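Below is entry_35.cif, which holds mmCIF, C-alpha atoms.
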data_my_file
#
loop_
_atom_site.group_PDB
_atom_site.id
_atom_site.type_symbol
_atom_site.label_atom_id
_atom_site.label_comp_id
_atom_site.auth_asym_id
_atom_site.auth_seq_id
_atom_site.Cartn_x
_atom_site.Cartn_y
_atom_site.Cartn_z
ATOM 1 C CA MET H 91 78.201 -105.817 19.546
ATOM 2 C CA PRO H 92 78.240 -101.991 19.231
ATOM 3 C CA LYS H 93 80.563 -100.183 21.614
ATOM 4 C CA ASN H 94 77.864 -97.743 22.762
ATOM 5 C CA ILE H 95 75.932 -100.509 24.597
ATOM 6 C CA ASN H 96 76.367 -99.870 28.331
ATOM 7 C CA HIS H 97 76.203 -102.266 31.224
ATOM 8 C CA MET H 98 72.507 -101.649 31.797
ATOM 9 C CA ASP H 99 71.730 -102.585 28.208
ATOM 10 C CA MET H 100 73.783 -105.732 28.586
ATOM 11 C CA PHE H 101 71.879 -106.639 31.740
ATOM 12 C CA ILE H 102 68.524 -106.130 29.995
ATOM 13 C CA PHE H 103 69.694 -108.236 27.056
ATOM 14 C CA ILE H 104 70.677 -111.121 29.346
ATOM 15 C CA CYS H 105 67.353 -110.929 31.184
ATOM 16 C CA LEU H 106 65.412 -110.997 27.913
ATOM 17 C CA PHE H 107 67.443 -113.980 26.731
ATOM 18 C CA LEU H 108 66.796 -115.909 29.925
ATOM 19 C CA TRP H 109 63.095 -115.026 29.741
ATOM 20 C CA SER H 110 62.995 -116.337 26.173
ATOM 21 C CA LEU H 111 63.982 -119.769 27.502
ATOM 22 C CA ASN H 112 60.591 -119.888 29.215
ATOM 23 C CA GLY H 113 61.957 -120.898 32.593
ATOM 24 C CA VAL H 114 64.219 -123.624 31.248
ATOM 25 C CA PHE H 115 67.342 -124.597 33.184
ATOM 26 C CA VAL H 116 69.817 -126.621 31.157
ATOM 27 C CA ALA H 117 71.190 -129.545 33.175
ATOM 28 C CA ASP H 118 74.975 -129.819 33.361
ATOM 29 C CA ALA H 119 75.111 -133.421 34.641
ATOM 30 C CA VAL H 120 73.211 -136.681 34.584
ATOM 31 C CA LYS H 121 70.965 -137.017 37.618
ATOM 32 C CA SER H 122 70.206 -140.335 39.285
ATOM 33 C CA GLU H 123 66.910 -141.677 40.584
ATOM 34 C CA SER H 124 66.246 -144.991 42.319
ATOM 35 C CA VAL H 125 62.994 -146.730 43.153
ATOM 36 C CA THR H 126 61.678 -150.177 44.080
ATOM 37 C CA GLU H 127 59.567 -151.909 41.440
ATOM 38 C CA GLY H 128 55.849 -151.346 41.832
ATOM 39 C CA GLU H 129 56.327 -147.807 43.114
ATOM 40 C CA SER H 130 55.671 -144.654 41.087
ATOM 41 C CA VAL H 131 58.520 -142.302 40.293
ATOM 42 C CA ALA H 132 58.425 -138.680 39.088
ATOM 43 C CA LEU H 133 61.196 -137.526 36.732
ATOM 44 C CA ASN H 134 61.858 -133.794 36.952
ATOM 45 C CA SER H 135 61.903 -131.942 33.637
ATOM 46 C CA SER H 136 63.871 -128.951 35.023
ATOM 47 C CA PHE H 137 61.262 -126.617 33.543
ATOM 48 C CA THR H 138 59.950 -124.147 36.087
ATOM 49 C CA GLN H 139 56.858 -123.595 33.955
ATOM 50 C CA ILE H 140 55.862 -124.518 30.426
ATOM 51 C CA HIS H 141 54.520 -121.678 28.286
ATOM 52 C CA ARG H 142 51.605 -122.264 25.963
ATOM 53 C CA ASP H 143 53.793 -122.122 22.847
ATOM 54 C CA GLU H 144 56.419 -124.541 24.260
ATOM 55 C CA GLU H 145 56.834 -128.175 23.196
ATOM 56 C CA ILE H 146 58.956 -130.740 25.023
ATOM 57 C CA ASP H 147 59.851 -134.362 24.321
ATOM 58 C CA TRP H 148 60.580 -137.191 26.744
ATOM 59 C CA LYS H 149 62.746 -140.060 25.499
ATOM 60 C CA PHE H 150 63.753 -143.390 26.960
ATOM 61 C CA GLY H 151 67.069 -144.070 25.276
ATOM 62 C CA ASP H 152 66.338 -143.323 21.637
ATOM 63 C CA PHE H 153 62.586 -143.963 21.937
ATOM 64 C CA LEU H 154 60.136 -141.052 22.083
ATOM 65 C CA ILE H 155 57.657 -141.944 24.841
ATOM 66 C CA ALA H 156 55.824 -138.697 25.682
ATOM 67 C CA LYS H 157 55.363 -135.143 24.457
ATOM 68 C CA VAL H 158 53.864 -131.927 25.776
ATOM 69 C CA LYS H 159 52.490 -130.144 22.703
ATOM 70 C CA LYS H 160 51.506 -126.506 22.309
ATOM 71 C CA ASN H 161 48.573 -125.440 24.456
ATOM 72 C CA LYS H 162 49.873 -127.962 27.038
ATOM 73 C CA GLU H 163 48.353 -130.973 25.327
ATOM 74 C CA SER H 164 49.848 -134.344 26.307
ATOM 75 C CA LYS H 165 50.647 -137.127 23.875
ATOM 76 C CA PHE H 166 51.974 -140.564 24.748
ATOM 77 C CA TYR H 167 53.650 -143.092 22.469
ATOM 78 C CA GLY H 168 52.580 -146.343 24.083
ATOM 79 C CA ASP H 169 53.744 -148.531 21.199
ATOM 80 C CA ASN H 170 57.317 -147.260 21.307
ATOM 81 C CA ALA H 171 60.027 -148.954 23.384
ATOM 82 C CA GLU H 172 58.300 -152.314 22.796
ATOM 83 C CA GLY H 173 55.143 -150.994 24.437
ATOM 84 C CA ARG H 174 56.631 -151.207 27.930
ATOM 85 C CA PHE H 175 55.189 -147.841 29.047
ATOM 86 C CA ARG H 176 51.673 -148.293 27.695
ATOM 87 C CA ASP H 177 49.092 -146.747 30.091
ATOM 88 C CA ARG H 178 51.759 -146.127 32.739
ATOM 89 C CA LEU H 179 52.820 -142.522 32.029
ATOM 90 C CA LYS H 180 51.539 -139.170 33.275
ATOM 91 C CA LEU H 181 52.682 -135.638 32.429
ATOM 92 C CA ASP H 182 52.493 -132.527 34.584
ATOM 93 C CA HIS H 183 51.162 -129.801 32.256
ATOM 94 C CA GLN H 184 52.691 -127.040 34.374
ATOM 95 C CA THR H 185 56.280 -128.297 34.685
ATOM 96 C CA GLY H 186 56.460 -131.087 32.114
ATOM 97 C CA SER H 187 57.637 -133.623 34.711
ATOM 98 C CA LEU H 188 57.028 -137.251 33.771
ATOM 99 C CA THR H 189 55.605 -139.808 36.210
ATOM 100 C CA ILE H 190 56.013 -143.555 35.662
ATOM 101 C CA ILE H 191 53.296 -145.573 37.380
ATOM 102 C CA ASN H 192 53.849 -149.108 38.679
ATOM 103 C CA SER H 193 57.540 -149.088 37.790
ATOM 104 C CA ARG H 194 59.286 -152.222 36.530
ATOM 105 C CA THR H 195 62.911 -153.298 36.500
ATOM 106 C CA THR H 196 62.839 -152.995 32.693
ATOM 107 C CA ASP H 197 62.203 -149.258 33.124
ATOM 108 C CA SER H 198 65.814 -148.772 34.227
ATOM 109 C CA GLY H 199 67.851 -146.624 31.855
ATOM 110 C CA LEU H 200 68.476 -143.072 30.599
ATOM 111 C CA TYR H 201 65.629 -140.588 30.222
ATOM 112 C CA THR H 202 66.062 -137.255 28.451
ATOM 113 C CA VAL H 203 63.754 -134.260 28.189
ATOM 114 C CA SER H 204 64.360 -131.639 25.499
ATOM 115 C CA SER H 205 62.866 -128.391 24.274
ATOM 116 C CA ILE H 206 61.682 -128.504 20.656
ATOM 117 C CA ARG H 207 61.789 -124.729 20.283
ATOM 118 C CA THR H 208 65.361 -124.294 21.512
ATOM 119 C CA ASP H 209 66.553 -127.730 20.301
ATOM 120 C CA MET H 210 68.301 -128.332 23.628
ATOM 121 C CA THR H 211 68.431 -131.258 26.005
ATOM 122 C CA ILE H 212 67.187 -129.866 29.278
ATOM 123 C CA ASN H 213 67.664 -132.787 31.621
ATOM 124 C CA THR H 214 69.051 -136.338 31.618
ATOM 125 C CA ILE H 215 68.091 -138.810 34.316
ATOM 126 C CA ASN H 216 69.527 -142.258 34.975
ATOM 127 C CA LEU H 217 66.725 -144.295 36.541
ATOM 128 C CA THR H 218 67.358 -147.558 38.385
ATOM 129 C CA VAL H 219 64.388 -149.708 39.334
ATOM 130 C CA TYR H 220 65.367 -152.351 41.888
ATOM 131 C CA ALA H 221 63.486 -155.614 42.286
ATOM 132 C CA ARG H 222 61.592 -156.190 45.500
ATOM 133 C CA LEU H 223 63.759 -157.868 48.111
ATOM 134 C CA PRO H 224 62.660 -161.193 49.592
ATOM 135 C CA VAL H 225 63.192 -161.862 53.270
ATOM 136 C CA PRO H 226 66.286 -164.090 53.592
ATOM 137 C CA VAL H 227 65.748 -167.588 54.963
ATOM 138 C CA ILE H 228 67.909 -169.087 57.717
ATOM 139 C CA SER H 229 68.291 -172.845 58.047
ATOM 140 C CA SER H 230 70.498 -174.653 60.524
ATOM 141 C CA ASN H 231 72.087 -177.963 61.345
ATOM 142 C CA SER H 232 74.874 -179.091 63.655
ATOM 143 C CA SER H 233 78.144 -180.726 62.800
ATOM 144 C CA SER H 234 81.475 -181.524 64.359
ATOM 145 C CA SER H 235 83.809 -178.588 64.857
ATOM 146 C CA SER H 236 86.608 -180.621 63.272
ATOM 147 C CA SER H 237 87.275 -184.213 62.366
ATOM 148 C CA GLY H 238 87.944 -186.211 65.486
ATOM 149 C CA SER H 239 86.430 -183.551 67.759
ATOM 150 C CA SER H 240 83.288 -184.312 69.754
ATOM 151 C CA GLU H 241 82.487 -180.671 70.546
ATOM 152 C CA PRO H 242 79.355 -179.535 68.672
ATOM 153 C CA ARG H 243 79.583 -176.726 66.159
ATOM 154 C CA CYS H 244 76.606 -174.813 64.771
ATOM 155 C CA VAL H 245 76.276 -174.278 61.027
ATOM 156 C CA PHE H 246 73.735 -171.754 59.754
ATOM 157 C CA LEU H 247 72.851 -171.111 56.131
ATOM 158 C CA CYS H 248 71.308 -167.825 55.027
ATOM 159 C CA SER H 249 69.678 -167.981 51.577
ATOM 160 C CA ALA H 250 67.941 -165.665 49.100
ATOM 161 C CA VAL H 251 66.439 -166.683 45.755
ATOM 162 C CA ASN H 252 66.060 -164.822 42.443
ATOM 163 C CA VAL H 253 68.094 -161.769 43.442
ATOM 164 C CA SER H 254 70.595 -159.513 41.683
ATOM 165 C CA HIS H 255 72.620 -156.411 42.545
ATOM 166 C CA VAL H 256 72.328 -157.162 46.262
ATOM 167 C CA THR H 257 74.557 -157.909 49.232
ATOM 168 C CA LEU H 258 73.880 -160.838 51.561
ATOM 169 C CA SER H 259 75.468 -160.386 54.987
ATOM 170 C CA TRP H 260 75.688 -161.909 58.439
ATOM 171 C CA PHE H 261 75.647 -159.333 61.242
ATOM 172 C CA LYS H 262 76.598 -159.654 64.882
ATOM 173 C CA GLY H 263 74.864 -156.724 66.482
ATOM 174 C CA ASN H 264 75.597 -153.765 64.192
ATOM 175 C CA SER H 265 78.867 -155.164 62.842
ATOM 176 C CA VAL H 266 79.243 -157.116 59.603
ATOM 177 C CA PHE H 267 80.451 -160.640 60.354
ATOM 178 C CA SER H 268 80.674 -161.818 56.712
ATOM 179 C CA SER H 269 79.098 -160.853 53.387
ATOM 180 C CA VAL H 270 78.850 -161.748 49.711
ATOM 181 C CA ARG H 271 77.952 -159.544 46.730
ATOM 182 C CA VAL H 272 75.509 -160.838 44.089
ATOM 183 C CA SER H 273 75.779 -158.881 40.828
ATOM 184 C CA ASP H 274 74.009 -161.008 38.241
ATOM 185 C CA LEU H 275 70.609 -162.628 38.623
ATOM 186 C CA SER H 276 71.066 -165.721 40.749
ATOM 187 C CA SER H 277 68.461 -168.437 41.332
ATOM 188 C CA ARG H 278 69.881 -168.945 44.826
ATOM 189 C CA SER H 279 72.544 -167.231 46.916
ATOM 190 C CA ASP H 280 73.868 -168.762 50.147
ATOM 191 C CA LEU H 281 76.101 -167.569 52.964
ATOM 192 C CA LEU H 282 77.330 -169.926 55.709
ATOM 193 C CA LEU H 283 77.945 -169.066 59.347
ATOM 194 C CA HIS H 284 79.923 -171.376 61.671
ATOM 195 C CA LEU H 285 79.614 -170.873 65.437
ATOM 196 C CA GLU H 286 80.497 -172.812 68.589
ATOM 197 C CA CYS H 287 77.337 -171.477 70.204
ATOM 198 C CA VAL H 288 74.729 -168.863 69.362
ATOM 199 C CA ASP H 289 72.981 -165.937 71.007
ATOM 200 C CA ASP H 290 70.291 -163.515 69.848
ATOM 201 C CA SER H 291 72.726 -160.922 68.440
ATOM 202 C CA TYR H 292 73.090 -162.547 64.987
ATOM 203 C CA SER H 293 71.005 -161.617 61.946
ATOM 204 C CA CYS H 294 71.102 -162.080 58.180
ATOM 205 C CA VAL H 295 70.526 -159.005 56.000
ATOM 206 C CA LEU H 296 69.760 -158.780 52.281
ATOM 207 C CA ASN H 297 70.137 -155.259 50.924
ATOM 208 C CA ASN H 298 70.461 -153.110 47.820
ATOM 209 C CA PRO H 299 71.322 -149.374 47.754
ATOM 210 C CA ILE H 300 67.794 -148.296 48.771
ATOM 211 C CA ARG H 301 66.189 -151.169 50.721
ATOM 212 C CA ASN H 302 67.023 -154.040 53.073
ATOM 213 C CA GLN H 303 65.362 -157.134 54.508
ATOM 214 C CA THR H 304 66.472 -158.650 57.799
ATOM 215 C CA GLN H 305 65.994 -162.091 59.317
ATOM 216 C CA HIS H 306 67.064 -162.521 62.944
ATOM 217 C CA LEU H 307 68.636 -165.765 64.032
ATOM 218 C CA ASN H 308 66.260 -167.769 66.200
ATOM 219 C CA ILE H 309 68.216 -169.035 69.212
ATOM 220 C CA THR H 310 65.762 -171.916 69.688
ATOM 221 C CA GLU H 311 66.854 -173.539 66.423
ATOM 222 C CA LEU H 312 69.020 -176.658 66.168
ATOM 223 C CA CYS H 313 71.936 -175.280 68.121
ATOM 224 C CA HIS H 314 72.597 -174.780 71.818
ATOM 225 C CA THR H 315 72.774 -171.225 73.093
ATOM 226 C CA CYS H 316 75.942 -169.732 74.533
ATOM 227 C CA ALA H 317 74.184 -169.443 77.901
ATOM 228 C CA ALA H 318 73.289 -173.157 77.795
ATOM 229 C CA ALA H 319 76.848 -174.011 76.782
ATOM 230 C CA THR H 320 78.190 -172.055 79.761
ATOM 231 C CA GLU H 321 75.847 -173.851 82.148
ATOM 232 C CA ALA H 322 76.848 -177.182 80.589
ATOM 233 C CA LEU H 323 80.517 -176.396 81.160
ATOM 234 C CA LYS H 324 79.796 -175.484 84.786
ATOM 235 C CA GLY H 325 77.892 -178.756 85.248
ATOM 236 C CA SER H 326 80.732 -180.757 83.691
ATOM 237 C CA ALA H 327 83.283 -179.089 85.965
ATOM 238 C CA LEU H 328 81.190 -179.808 89.062
ATOM 239 C CA GLU H 329 80.674 -183.447 88.011
ATOM 240 C CA GLU H 330 84.403 -183.841 87.422
ATOM 241 C CA LEU H 331 85.107 -182.382 90.843
ATOM 242 C CA ILE H 332 82.765 -184.868 92.574
ATOM 243 C CA ILE H 333 84.173 -187.845 90.649
ATOM 244 C CA HIS H 334 87.724 -186.713 91.380
ATOM 245 C CA SER H 335 86.925 -186.436 95.109
ATOM 246 C CA GLU H 336 85.282 -189.838 95.260
ATOM 247 C CA PHE H 337 88.181 -191.430 93.400
ATOM 248 C CA HIS H 338 90.663 -190.251 96.014
ATOM 249 C CA TYR H 339 88.526 -191.206 98.992
ATOM 250 C CA ARG H 340 89.847 -194.056 101.109
ATOM 251 C CA PRO H 341 87.546 -194.849 104.079
ATOM 252 C CA THR H 342 89.222 -195.447 107.455
ATOM 253 C CA ALA H 343 88.934 -198.818 109.098
ATOM 254 C CA LEU H 344 85.958 -199.148 111.386
ATOM 255 C CA SER H 345 86.189 -200.707 114.778
ATOM 256 C CA SER H 346 83.127 -202.705 113.980
ATOM 257 C CA PRO H 347 81.758 -203.383 110.459
ATOM 258 C CA ASP H 348 78.232 -203.063 111.807
ATOM 259 C CA LEU H 349 78.746 -199.606 113.351
ATOM 260 C CA LEU H 350 78.529 -196.590 111.009
ATOM 261 C CA THR H 351 78.520 -193.152 112.538
ATOM 262 C CA LEU H 352 77.207 -189.915 110.984
ATOM 263 C CA SER H 353 80.770 -188.733 110.444
ATOM 264 C CA ASP H 354 81.425 -191.759 108.251
ATOM 265 C CA PHE H 355 78.753 -190.545 105.828
ATOM 266 C CA ILE H 356 79.813 -186.910 105.882
ATOM 267 C CA ARG H 357 83.582 -187.407 105.672
ATOM 268 C CA PRO H 358 83.689 -188.367 101.903
ATOM 269 C CA PHE H 359 82.063 -185.105 100.966
ATOM 270 C CA LEU H 360 84.273 -183.060 103.262
ATOM 271 C CA LEU H 361 87.389 -184.604 101.685
ATOM 272 C CA GLY H 362 86.196 -183.301 98.337
ATOM 273 C CA PHE H 363 85.971 -179.800 99.755
ATOM 274 C CA PRO H 364 88.996 -179.446 102.058
ATOM 275 C CA PHE H 365 88.231 -175.830 102.869
ATOM 276 C CA LEU H 366 85.198 -177.028 104.837
ATOM 277 C CA ILE H 367 87.329 -179.266 107.127
#
Take the structure in the file and give it back as C-alpha cells.
Amino acid sequence: MPKNINHMDMFIFICLFLWSLNGVFVADAVKSESVTEGESVALNSSFTQIHRDEEIDWKFGDFLIAKVKKNKESKFYGDNAEGRFRDRLKLDHQTGSLTIINSRTTDSGLYTVSSIRTDMTINTINLTVYARLPVPVISSNSSSSSSGSSEPRCVFLCSAVNVSHVTLSWFKGNSVFSSVRVSDLSSRSDLLLHLECVDDSYSCVLNNPIRNQTQHLNITELCHTCAAATEALKGSALEELIIHSEFHYRPTALSSPDLLTLSDFIRPFLLGFPFLI
C-alpha cells in the first residue's frame, strides 16, 4: 500500500470494503438452536439485508436445500436430503433467514448459509429437534419393608415409554430424590421409589434441556399416607396402654359378691392413669 495514504483514506477503504459485503457478518462460532418437534424454527442467516445482486445458499450437512437467487428469488431443493424438507421450508427475502415448518427429530444437524459472491460461510447453526415428551406414569403396590418384617413399605414405579436424551427423576418438593439418564431410544424407562409412607410432596419429572413433564404422586393410591401412619401409631400406643393397665389390674375382695359399687367400676381405669388418682 502506498505510503502517502493517510488515516482518513484507510478509514474510507475499510468502510467501502465492509459495504461491499452487503451487510454480511461472518460468524466466528457455531450457534445452537433447540426446538420441540412439530414447532417451527427460524435459522438466522446473519445477513442484515440481502442486496438484489446477492445469492446465498442454505445447506443441511452437505445437501443444498434452499437458495436465494439474484433479484431475491427463492428456490428450494425438496428432493435433496432424501426429500425430508419437501414443502416445509420458507425463506425471508430481506434477510435470507430460513424457517423450517413442522420440525421433525430427523431435522437435527448442522446448517450452513454461505454467500456465493464472496465464497464465504456466513453462519453455521447446530439444530436439535427434541421429541415430544410424554407424561410419566406412576404405578404403585405395597410390599414388606424387609424379609421377616410386618411393617408395610410403599413401592412406586415411574415409567416413560419411547424416550431418548431425557432424565427421569423423583422429586420431593423441589429437591431431586433420585434420577436416571436415558441417552438412547428406550421402549420403556423405569425408576423405583421406596417409602415407609407417602405425602403429597412427591412427583415424577421427565425432562430434556428445553421441556419437562410432571406427574404428581396421588396420595390416595395403594399406600397409606404419613398422616394416617402417625394416627395409626397413636392408636396402637393407646391400645397398648389400655391392655397394659388391664393386665396389671387386680380387683380387691368385695365384702359381698352381690354388691358392686360405682368405685369398683371406675377403679380399673384410674389404675391405668395413676395421675388421676
Q. So which residues touch Ile300 in chain H within 10 Å, counting all atoms listed in the file, skipping near sequence neighbours fewer than 4 positions away, as an MDAnalysis selection string?
A. chainID H and resid 124:126 220
Please write the residues from the selection above to a file, keeping C-alpha atoms, as an mmCIF file, in the frame of the given file.
data_model
loop_
_atom_site.group_PDB
_atom_site.id
_atom_site.type_symbol
_atom_site.label_atom_id
_atom_site.label_comp_id
_atom_site.auth_asym_id
_atom_site.auth_seq_id
_atom_site.Cartn_x
_atom_site.Cartn_y
_atom_site.Cartn_z
ATOM 1 C CA SER H 124 66.246 -144.991 42.319
ATOM 2 C CA VAL H 125 62.994 -146.730 43.153
ATOM 3 C CA THR H 126 61.678 -150.177 44.080
ATOM 4 C CA TYR H 220 65.367 -152.351 41.888
#
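What the PyMOL selection byres ((chain H and resi 123) around 9) matches in the given file is H:Lys121, H:Ser122, H:Ser124, H:Val125, H:Val131, H:Leu133, H:Ile215, H:Asn216, H:Leu217, H:Thr218, H:Val219.
Pairwise distance (CA of Leu181 in chain H, CA of Ile146 in chain H) equals 10.9 Å.
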Q: Fewer than 4 positions away in the same chain doesn't count, so skip those; otherwise give me all residues within 10 Å of Val295 in chain H, counting all atoms listed in the file, as a PyMOL selection string.
A: chain H and resi 225-227+248+250+257-261+266+269+302-306
Output of the above residues as a PDB file, in the frame of the given file, restricted to C-alpha atoms:
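This went into again.pdb:
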ATOM      1  CA  VAL H 225      63.192-161.862  53.270  1.00  0.00           C
ATOM      2  CA  PRO H 226      66.286-164.090  53.592  1.00  0.00           C
ATOM      3  CA  VAL H 227      65.748-167.588  54.963  1.00  0.00           C
ATOM      4  CA  CYS H 248      71.308-167.825  55.027  1.00  0.00           C
ATOM      5  CA  ALA H 250      67.941-165.665  49.100  1.00  0.00           C
ATOM      6  CA  THR H 257      74.557-157.909  49.232  1.00  0.00           C
ATOM      7  CA  LEU H 258      73.880-160.838  51.561  1.00  0.00           C
ATOM      8  CA  SER H 259      75.468-160.386  54.987  1.00  0.00           C
ATOM      9  CA  TRP H 260      75.688-161.909  58.439  1.00  0.00           C
ATOM     10  CA  PHE H 261      75.647-159.333  61.242  1.00  0.00           C
ATOM     11  CA  VAL H 266      79.243-157.116  59.603  1.00  0.00           C
ATOM     12  CA  SER H 269      79.098-160.853  53.387  1.00  0.00           C
ATOM     13  CA  ASN H 302      67.023-154.040  53.073  1.00  0.00           C
ATOM     14  CA  GLN H 303      65.362-157.134  54.508  1.00  0.00           C
ATOM     15  CA  THR H 304      66.472-158.650  57.799  1.00  0.00           C
ATOM     16  CA  GLN H 305      65.994-162.091  59.317  1.00  0.00           C
ATOM     17  CA  HIS H 306      67.064-162.521  62.944  1.00  0.00           C
TER      18      HIS H 306
END
Q) Near range 186-196 of chain H, within 10 Å and counting all atoms listed in the file, which residues show up once chain neighbours fewer than 4 positions away are dropped, as an MDAnalysis selection string? A) chainID H and resid 125:140 145:148 156:158 162 164 174:175 177:182 201 203 217:222
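CA of Asp143 in chain H to CA of Tyr167 in chain H spans 21.0 Å [interatomic distance, one decimal].
Atom to atom, CA of Thr185 in chain H and CA of His141 in chain H stand 9.4 Å apart.
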Q: Take the PyMOL selection byres ((chain H and resi 213) around 6), apply it to the structure above, and return the hits as a PyMOL selection string.
A: chain H and resi 117+202-203+211-212+214
Could you please take those selected residues and save C-alpha atoms as an mmCIF file, in the coordinates of the input?
data_model
loop_
_atom_site.group_PDB
_atom_site.id
_atom_site.type_symbol
_atom_site.label_atom_id
_atom_site.label_comp_id
_atom_site.auth_asym_id
_atom_site.auth_seq_id
_atom_site.Cartn_x
_atom_site.Cartn_y
_atom_site.Cartn_z
ATOM 1 C CA ALA H 117 71.190 -129.545 33.175
ATOM 2 C CA THR H 202 66.062 -137.255 28.451
ATOM 3 C CA VAL H 203 63.754 -134.260 28.189
ATOM 4 C CA THR H 211 68.431 -131.258 26.005
ATOM 5 C CA ILE H 212 67.187 -129.866 29.278
ATOM 6 C CA THR H 214 69.051 -136.338 31.618
#
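Each of H:Met210, H:Ile228, H:Cys244, H:Val251 was checked against Leu307 in chain H using all atoms listed in the file; the smallest atom-to-atom distance is that of H:Ile228.
Shortest atom-to-atom contact with Gly151 in chain H among H:His183, H:Gly199, H:Glu163, H:Leu275: H:Gly199, counting all atoms listed in the file.
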